[in-house]
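protein.tsv (TSV, C-alpha atoms (C1' of nucleotides)) appears below.
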```
chain	number	residue	atom	x	y	z
A	1	MET	CA	12.89	-9.27	-0.39
A	2	VAL	CA	15.64	-10.89	1.67
A	3	ASP	CA	18.27	-9.20	-0.53
A	4	TRP	CA	16.59	-5.81	-0.06
A	5	LEU	CA	16.43	-6.28	3.72
A	6	GLU	CA	20.09	-7.20	3.88
A	7	ILE	CA	21.08	-4.11	1.91
A	8	HIS	CA	18.89	-1.58	3.69
A	9	GLN	CA	18.61	-3.17	7.14
A	10	PRO	CA	15.46	-1.27	8.12
A	11	ASP	CA	14.20	-1.56	11.70
A	12	VAL	CA	10.72	-2.19	10.29
A	13	LEU	CA	9.35	-3.21	6.87
A	14	ALA	CA	5.60	-3.13	6.23
A	15	LEU	CA	4.23	-5.27	3.40
A	16	GLN	CA	0.89	-5.27	1.61
A	17	GLU	CA	-0.73	-7.74	-0.80
A	18	THR	CA	1.13	-10.70	0.67
A	19	LYS	CA	-1.63	-12.98	-0.70
A	20	LEU	CA	-0.66	-15.77	1.68
A	21	VAL	CA	-2.51	-17.59	4.43
A	22	ASP	CA	-0.68	-17.28	7.73
A	23	ASP	CA	0.45	-20.93	7.67
A	24	SER	CA	2.31	-20.24	4.42
A	25	PHE	CA	4.09	-17.08	5.58
A	26	PRO	CA	7.85	-17.68	5.18
A	27	GLN	CA	8.76	-16.48	8.64
A	28	GLU	CA	11.78	-18.81	8.89
A	29	ALA	CA	13.50	-17.13	5.94
A	30	PHE	CA	13.19	-13.78	7.69
A	31	LYS	CA	14.18	-15.18	11.07
A	32	GLU	CA	17.42	-16.40	9.50
A	33	ILE	CA	18.39	-12.83	8.64
A	34	GLY	CA	17.34	-11.43	12.00
A	35	TYR	CA	13.74	-10.29	11.46
A	36	HIS	CA	10.65	-11.05	13.49
A	37	ALA	CA	7.38	-11.18	11.60
A	38	ALA	CA	3.75	-10.36	12.29
A	39	TYR	CA	1.18	-11.09	9.62
A	40	SER	CA	-2.47	-11.26	8.78
A	41	GLY	CA	-3.06	-13.00	5.50
A	42	GLN	CA	-5.60	-14.71	3.31
A	43	LYS	CA	-5.52	-16.72	0.13
A	44	THR	CA	-4.96	-14.91	-3.19
A	45	TYR	CA	-6.02	-11.41	-2.17
A	46	ASN	CA	-4.96	-8.76	0.32
A	47	GLY	CA	-2.75	-9.73	3.25
A	48	VAL	CA	-0.44	-7.53	5.33
A	49	ALA	CA	2.77	-8.22	7.22
A	50	ILE	CA	5.37	-6.41	9.29
A	51	LEU	CA	8.98	-7.50	9.57
A	52	CYS	CA	11.03	-5.98	12.36
A	53	ARG	CA	14.33	-6.35	14.18
A	54	GLN	CA	12.68	-6.23	17.59
A	55	ALA	CA	9.83	-8.53	18.57
A	56	PRO	CA	6.53	-6.84	17.70
A	57	LYS	CA	4.10	-6.30	20.58
A	58	ASP	CA	0.34	-5.84	20.87
A	59	ILE	CA	-0.47	-7.26	17.42
A	60	LEU	CA	-3.79	-6.05	16.09
A	61	THR	CA	-5.51	-7.40	12.97
A	62	ASP	CA	-9.09	-6.20	13.37
A	63	LEU	CA	-10.59	-2.92	14.45
A	64	PRO	CA	-13.65	-2.92	16.70
A	65	ASN	CA	-15.49	-0.67	14.25
A	66	LEU	CA	-14.44	-2.50	11.07
A	67	VAL	CA	-15.68	-6.07	10.87
A	68	ASP	CA	-14.16	-7.39	7.67
A	69	SER	CA	-12.93	-10.76	6.45
A	70	GLN	CA	-10.47	-8.98	4.13
A	71	ARG	CA	-7.01	-8.92	5.71
A	72	ARG	CA	-5.90	-5.32	5.23
A	73	ILE	CA	-4.91	-4.10	8.70
A	74	LEU	CA	-1.97	-4.87	10.94
A	75	GLY	CA	-0.98	-2.91	14.02
A	76	VAL	CA	2.14	-3.56	16.09
A	77	THR	CA	4.21	-1.77	18.69
A	78	VAL	CA	7.97	-1.70	18.15
A	79	ASP	CA	10.04	-0.01	20.84
A	80	ASP	CA	7.95	3.03	21.78
A	81	ILE	CA	6.38	3.44	18.35
A	82	ARG	CA	2.94	2.25	17.33
A	83	LEU	CA	2.60	1.25	13.67
A	84	LEU	CA	-0.54	0.64	11.65
A	85	ASN	CA	0.09	-1.05	8.32
A	86	LEU	CA	-2.79	-0.60	5.85
A	87	TYR	CA	-3.72	-2.07	2.52
A	88	VAL	CA	-6.48	0.35	1.60
A	89	PRO	CA	-9.07	-1.09	-0.81
A	90	ASN	CA	-8.39	-0.17	-4.43
A	91	GLY	CA	-11.99	0.86	-5.07
A	92	SER	CA	-12.10	-0.40	-8.65
A	93	GLU	CA	-14.07	2.46	-10.20
A	94	VAL	CA	-15.58	5.72	-8.96
A	95	GLY	CA	-19.21	5.08	-8.07
A	96	SER	CA	-18.87	1.30	-7.84
A	97	LYS	CA	-19.71	-0.89	-4.84
A	98	LYS	CA	-16.02	-1.33	-4.16
A	99	TYR	CA	-15.59	2.45	-4.23
A	100	ALA	CA	-18.29	2.83	-1.57
A	101	TYR	CA	-16.56	0.13	0.49
A	102	LYS	CA	-13.26	2.01	0.15
A	103	LEU	CA	-14.70	5.32	1.34
A	104	ASP	CA	-16.52	3.64	4.22
A	105	TRP	CA	-13.33	1.78	5.13
A	106	LEU	CA	-11.27	4.98	5.16
A	107	GLY	CA	-13.88	6.67	7.34
A	108	ARG	CA	-13.69	3.85	9.86
A	109	ILE	CA	-9.91	3.98	9.86
A	110	LYS	CA	-10.15	7.71	10.59
A	111	ASP	CA	-12.50	7.11	13.52
A	112	TYR	CA	-10.18	4.46	14.89
A	113	LEU	CA	-7.10	6.67	14.50
A	114	GLN	CA	-8.71	9.51	16.40
A	115	GLU	CA	-8.84	7.22	19.45
A	116	ALA	CA	-5.50	5.56	18.74
A	117	LEU	CA	-3.64	8.88	18.78
A	118	VAL	CA	-4.67	9.40	22.40
A	119	GLU	CA	-3.21	6.06	23.41
A	120	TYR	CA	-0.23	6.23	21.07
A	121	PRO	CA	1.07	9.75	20.47
A	122	LYS	CA	4.00	8.26	18.51
A	123	LEU	CA	1.98	6.68	15.74
A	124	ILE	CA	2.95	5.79	12.17
A	125	VAL	CA	0.24	4.87	9.67
A	126	LEU	CA	1.72	3.49	6.49
A	127	GLY	CA	1.08	1.27	3.54
A	128	ASP	CA	-0.67	1.18	0.18
A	129	PHE	CA	-3.28	3.91	0.53
A	130	ASN	CA	-4.55	3.54	-3.03
A	131	VAL	CA	-4.99	7.32	-3.05
A	132	ALA	CA	-2.70	9.83	-4.73
A	133	PRO	CA	-2.92	12.74	-2.27
A	134	ALA	CA	-2.65	15.56	-4.83
A	135	ASP	CA	-2.12	16.24	-8.51
A	136	GLN	CA	1.63	16.53	-7.94
A	137	ASP	CA	1.53	12.82	-7.08
A	138	VAL	CA	0.13	11.92	-10.51
A	139	HIS	CA	2.09	11.71	-13.78
A	140	ASP	CA	-0.76	13.21	-15.79
A	141	PRO	CA	-3.51	14.78	-13.66
A	142	ASP	CA	-5.72	15.32	-16.70
A	143	ILE	CA	-5.82	11.62	-17.55
A	144	TRP	CA	-6.51	10.73	-13.92
A	145	HIS	CA	-8.95	13.58	-13.21
A	146	GLU	CA	-11.68	12.27	-10.85
A	147	THR	CA	-10.80	8.65	-11.62
A	148	ILE	CA	-10.09	5.93	-9.09
A	149	LEU	CA	-7.10	6.67	-6.80
A	150	CYS	CA	-7.45	10.40	-7.56
A	151	SER	CA	-11.10	11.33	-7.02
A	152	THR	CA	-12.04	14.17	-4.68
A	153	PRO	CA	-13.92	11.96	-2.16
A	154	GLU	CA	-10.88	9.67	-1.85
A	155	ARG	CA	-8.56	12.63	-1.37
A	156	GLU	CA	-10.94	14.16	1.17
A	157	ALA	CA	-11.01	10.89	3.12
A	158	LEU	CA	-7.23	10.95	3.23
A	159	LYS	CA	-7.21	14.62	4.23
A	160	GLU	CA	-9.52	13.84	7.13
A	161	ILE	CA	-7.02	11.29	8.39
A	162	LEU	CA	-4.16	13.78	8.02
A	163	ALA	CA	-6.22	16.41	9.83
A	164	LEU	CA	-6.25	14.23	12.95
A	165	GLY	CA	-2.60	15.18	13.33
A	166	PHE	CA	-0.49	13.35	10.78
A	167	GLN	CA	2.07	14.51	8.25
A	168	ASP	CA	2.83	12.83	4.92
A	169	SER	CA	6.52	12.25	5.70
A	170	PHE	CA	7.49	12.36	2.01
A	171	ARG	CA	6.38	15.98	1.77
A	172	LEU	CA	8.39	17.09	4.80
A	173	PHE	CA	11.42	17.03	2.53
A	174	GLU	CA	12.36	18.43	-0.84
A	175	GLN	CA	11.54	15.91	-3.55
A	176	GLU	CA	12.01	15.63	-7.28
A	177	ALA	CA	8.97	16.43	-9.39
A	178	GLN	CA	7.28	13.32	-10.80
A	179	SER	CA	8.15	11.11	-7.81
A	180	PHE	CA	5.95	8.02	-7.77
A	181	SER	CA	5.67	4.73	-5.88
A	182	TRP	CA	3.46	2.71	-8.22
A	183	TRP	CA	3.45	2.14	-11.96
A	184	ASP	CA	0.96	0.01	-13.88
A	185	TYR	CA	2.46	-3.13	-15.39
A	186	ARG	CA	0.87	-2.16	-18.68
A	187	GLY	CA	2.12	0.08	-21.44
A	188	GLY	CA	5.70	0.44	-20.23
A	189	ALA	CA	4.47	2.74	-17.50
A	190	PHE	CA	7.59	2.39	-15.35
A	191	ARG	CA	9.97	2.99	-18.24
A	192	ARG	CA	8.02	6.15	-19.08
A	193	ASN	CA	7.62	7.09	-15.39
A	194	ARG	CA	3.86	7.18	-15.77
A	195	GLY	CA	3.11	6.50	-12.13
A	196	LEU	CA	1.29	7.61	-9.02
A	197	ARG	CA	2.43	8.14	-5.45
A	198	ILE	CA	-0.06	6.05	-3.49
A	199	ASP	CA	2.24	4.46	-0.90
A	200	LEU	CA	2.51	6.71	2.11
A	201	ILE	CA	4.15	6.91	5.50
A	202	LEU	CA	2.05	9.17	7.71
A	203	ILE	CA	3.64	10.18	11.00
A	204	SER	CA	2.02	11.75	14.05
A	205	LYS	CA	3.09	15.20	15.20
A	206	ALA	CA	5.25	13.81	18.01
A	207	LEU	CA	7.40	12.04	15.40
A	208	VAL	CA	7.82	14.92	12.98
A	209	PRO	CA	10.88	16.41	14.75
A	210	LYS	CA	12.51	12.94	14.73
A	211	CYS	CA	11.99	12.28	11.03
A	212	THR	CA	15.19	12.85	9.03
A	213	GLY	CA	14.16	11.81	5.56
A	214	CYS	CA	11.74	10.02	3.27
A	215	VAL	CA	12.65	8.57	-0.12
A	216	ILE	CA	11.28	6.15	-2.69
A	217	ASP	CA	13.62	3.34	-3.72
A	218	LYS	CA	12.94	2.70	-7.41
A	219	GLU	CA	15.63	0.04	-7.75
A	220	PRO	CA	13.49	-3.05	-6.98
A	221	ARG	CA	11.01	-1.97	-9.67
A	222	ARG	CA	13.77	-2.43	-12.27
A	223	LEU	CA	14.31	-6.11	-11.36
A	224	THR	CA	12.86	-9.11	-13.18
A	225	ARG	CA	9.24	-9.86	-12.19
A	226	PRO	CA	9.04	-6.88	-9.85
A	227	SER	CA	6.20	-5.70	-7.67
A	228	ASP	CA	4.30	-2.88	-9.33
A	229	HIS	CA	5.08	-0.79	-6.22
A	230	ALA	CA	8.39	0.64	-5.00
A	231	PRO	CA	9.35	0.73	-1.32
A	232	VAL	CA	9.12	4.03	0.54
A	233	ILE	CA	11.78	4.56	3.20
A	234	ALA	CA	11.42	6.96	6.11
A	235	THR	CA	14.35	7.51	8.44
A	236	PHE	CA	14.33	8.74	12.04
A	237	ALA	CA	16.96	10.13	14.37
B	1	DA	C1'	-16.04	0.20	-22.30
B	2	DT	C1'	-11.51	-0.50	-24.78
B	3	DG	C1'	-6.56	-2.08	-24.22
B	4	DG	C1'	-2.37	-2.81	-22.25
B	5	DT	C1'	0.39	-6.58	-17.94
B	6	DA	C1'	0.58	-9.72	-14.06
B	7	DG	C1'	-0.84	-13.45	-11.19
B	8	DG	C1'	-3.94	-16.76	-9.20
B	9	DT	C1'	-9.06	-19.49	-7.47
B	10	DC	C1'	-6.67	-19.75	-14.33
B	11	DT	C1'	-10.76	-18.99	-20.05
B	12	DC	C1'	-12.52	-14.97	-15.15
B	13	DC	C1'	-11.30	-11.70	-11.24
B	14	DT	C1'	-8.57	-8.16	-9.15
B	15	DA	C1'	-5.19	-4.87	-9.33
```

Render the structure in this file as structure tokens.
Amino acid sequence: MVDWLEIHQPDVLALQETKLVDDSFPQEAFKEIGYHAAYSGQKTYNGVAILCRQAPKDILTDLPNLVDSQRRILGVTVDDIRLLNLYVPNGSEVGSKKYAYKLDWLGRIKDYLQEALVEYPKLIVLGDFNVAPADQDVHDPDIWHETILCSTPEREALKEILALGFQDSFRLFEQEAQSFSWWDYRGGAFRRNRGLRIDLILISKALVPKCTGCVIDKEPRRLTRPSDHAPVIATFA
DNA sequence: ATGGTAGGTCTCCTA
């Protein structure tokens, strides 16, 4: 992580699945290389963090309409940009209790974002959405047809968020076919590029003219004991 | 409903 930050020097890095209580967050290690940190963690599961060059302001970890002990939400303001880092519930299986929780959760996020856009026209919503927006974001749409991460209700929930006035920054630019951000650890999925694009950077309309690129960096996925996700990088003028 | 991998609360649960 420190190596990646030193190479890419992003202004902001949003993390999901930190799986750390706040007292264990290694903020000193990031401070040493010039990054402030905001975080909302818990033991073993979930957890979100934001690392940034400038001190984050107006840190938000809970939404008024989403009372939840699971640490999946982190909002900060950096410069004149509002960021909302999300670790969307995985949902386990279509039709399960966790699936219902996921859809309800996404609906509440949408309701919150409708208000947030009024206060923060320059708004970025990013993170692990656990939804592949369309079949082009899936290595084999037949295998994944109406399964978790790809089902129509999940995609509709994401579309409703986009319809508030967000763009999927990745699709503002020409991209290679079969571009993914997550590959299962099992079955040599990364080697065979059997992945999904579920990690998104959504930007509000005011930011679209400023956005100069969006790419997925597959390099960290090749390392020893990698995350199963690859970082997505959006750049702005 | 399987298996395959990874990691942690470690012989089950979540992803």

Identify all chain A residues at most 9 Å from chain B by counting all atoms listed in the file; ligands do not count. Present them as a PDB file with C-alpha atoms, keeping the file's coordinate frame.
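Output below, filename out_9.pdb:
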```pdb
ATOM      1  CA  LYS A  43      -5.520 -16.720   0.130  1.00  0.00           C
ATOM      2  CA  THR A  44      -4.960 -14.910  -3.190  1.00  0.00           C
ATOM      3  CA  TYR A  45      -6.020 -11.410  -2.170  1.00  0.00           C
ATOM      4  CA  ASN A  90      -8.390  -0.170  -4.430  1.00  0.00           C
ATOM      5  CA  SER A  92     -12.100  -0.400  -8.650  1.00  0.00           C
ATOM      6  CA  ASP A 184       0.960   0.010 -13.880  1.00  0.00           C
ATOM      7  CA  TYR A 185       2.460  -3.130 -15.390  1.00  0.00           C
ATOM      8  CA  ARG A 186       0.870  -2.160 -18.680  1.00  0.00           C
ATOM      9  CA  GLY A 187       2.120   0.080 -21.440  1.00  0.00           C
ATOM     10  CA  GLY A 188       5.700   0.440 -20.230  1.00  0.00           C
ATOM     11  CA  ARG A 225       9.240  -9.860 -12.190  1.00  0.00           C
TER      12      ARG A 225
END
```

Ser179 (chain A): which residues within 12 Å, counting all atoms listed in the file, same-chain residues fewer than 6 positions away excluded, as a list in words? Ala132, Asp135, Gln136, Asp137, Val138, His139, Phe170, Arg171, Phe190, Asn193, Arg194, Gly195, Leu196, Arg197, Ile198, Asp199, Cys214, Val215, Ile216, Asp217, Lys218, Ala230 and Val232 of chain A

If I take CA of Val94 (chain A) and CA of Ser151 (chain A), how far is one from the other in Å, to one decimal? 7.4 Å

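Relative to CA of Trp183 (chain A), CA of Ser40 (chain A) is found at 25.4 Å.
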
Would you list the contacts of Pro64 (chain A) as a JSON list (two decimals) with C-alpha atoms, keeping the file's coordinate frame, taking every protein, DNA or RNA residue within 12 Å and counting all atoms listed in the file, but skipping same-chain residues closer than 4 positions in sequence?
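See around_15.json below for the written result:
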```json
[["chain", "number", "residue", "atom", "x", "y", "z"],
["A", 60, "LEU", "CA", -3.79, -6.05, 16.09],
["A", 68, "ASP", "CA", -14.16, -7.39, 7.67],
["A", 73, "ILE", "CA", -4.91, -4.10, 8.70],
["A", 108, "ARG", "CA", -13.69, 3.85, 9.86],
["A", 109, "ILE", "CA", -9.91, 3.98, 9.86],
["A", 111, "ASP", "CA", -12.50, 7.11, 13.52],
["A", 112, "TYR", "CA", -10.18, 4.46, 14.89],
["A", 113, "LEU", "CA", -7.10, 6.67, 14.50],
["A", 115, "GLU", "CA", -8.84, 7.22, 19.45],
["A", 116, "ALA", "CA", -5.50, 5.56, 18.74]]
```

How many Å lie between CA of Glu6 (chain A) and CA of Lys31 (chain A), rounded to one decimal?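 Interatomic distance here is 12.3 Å.
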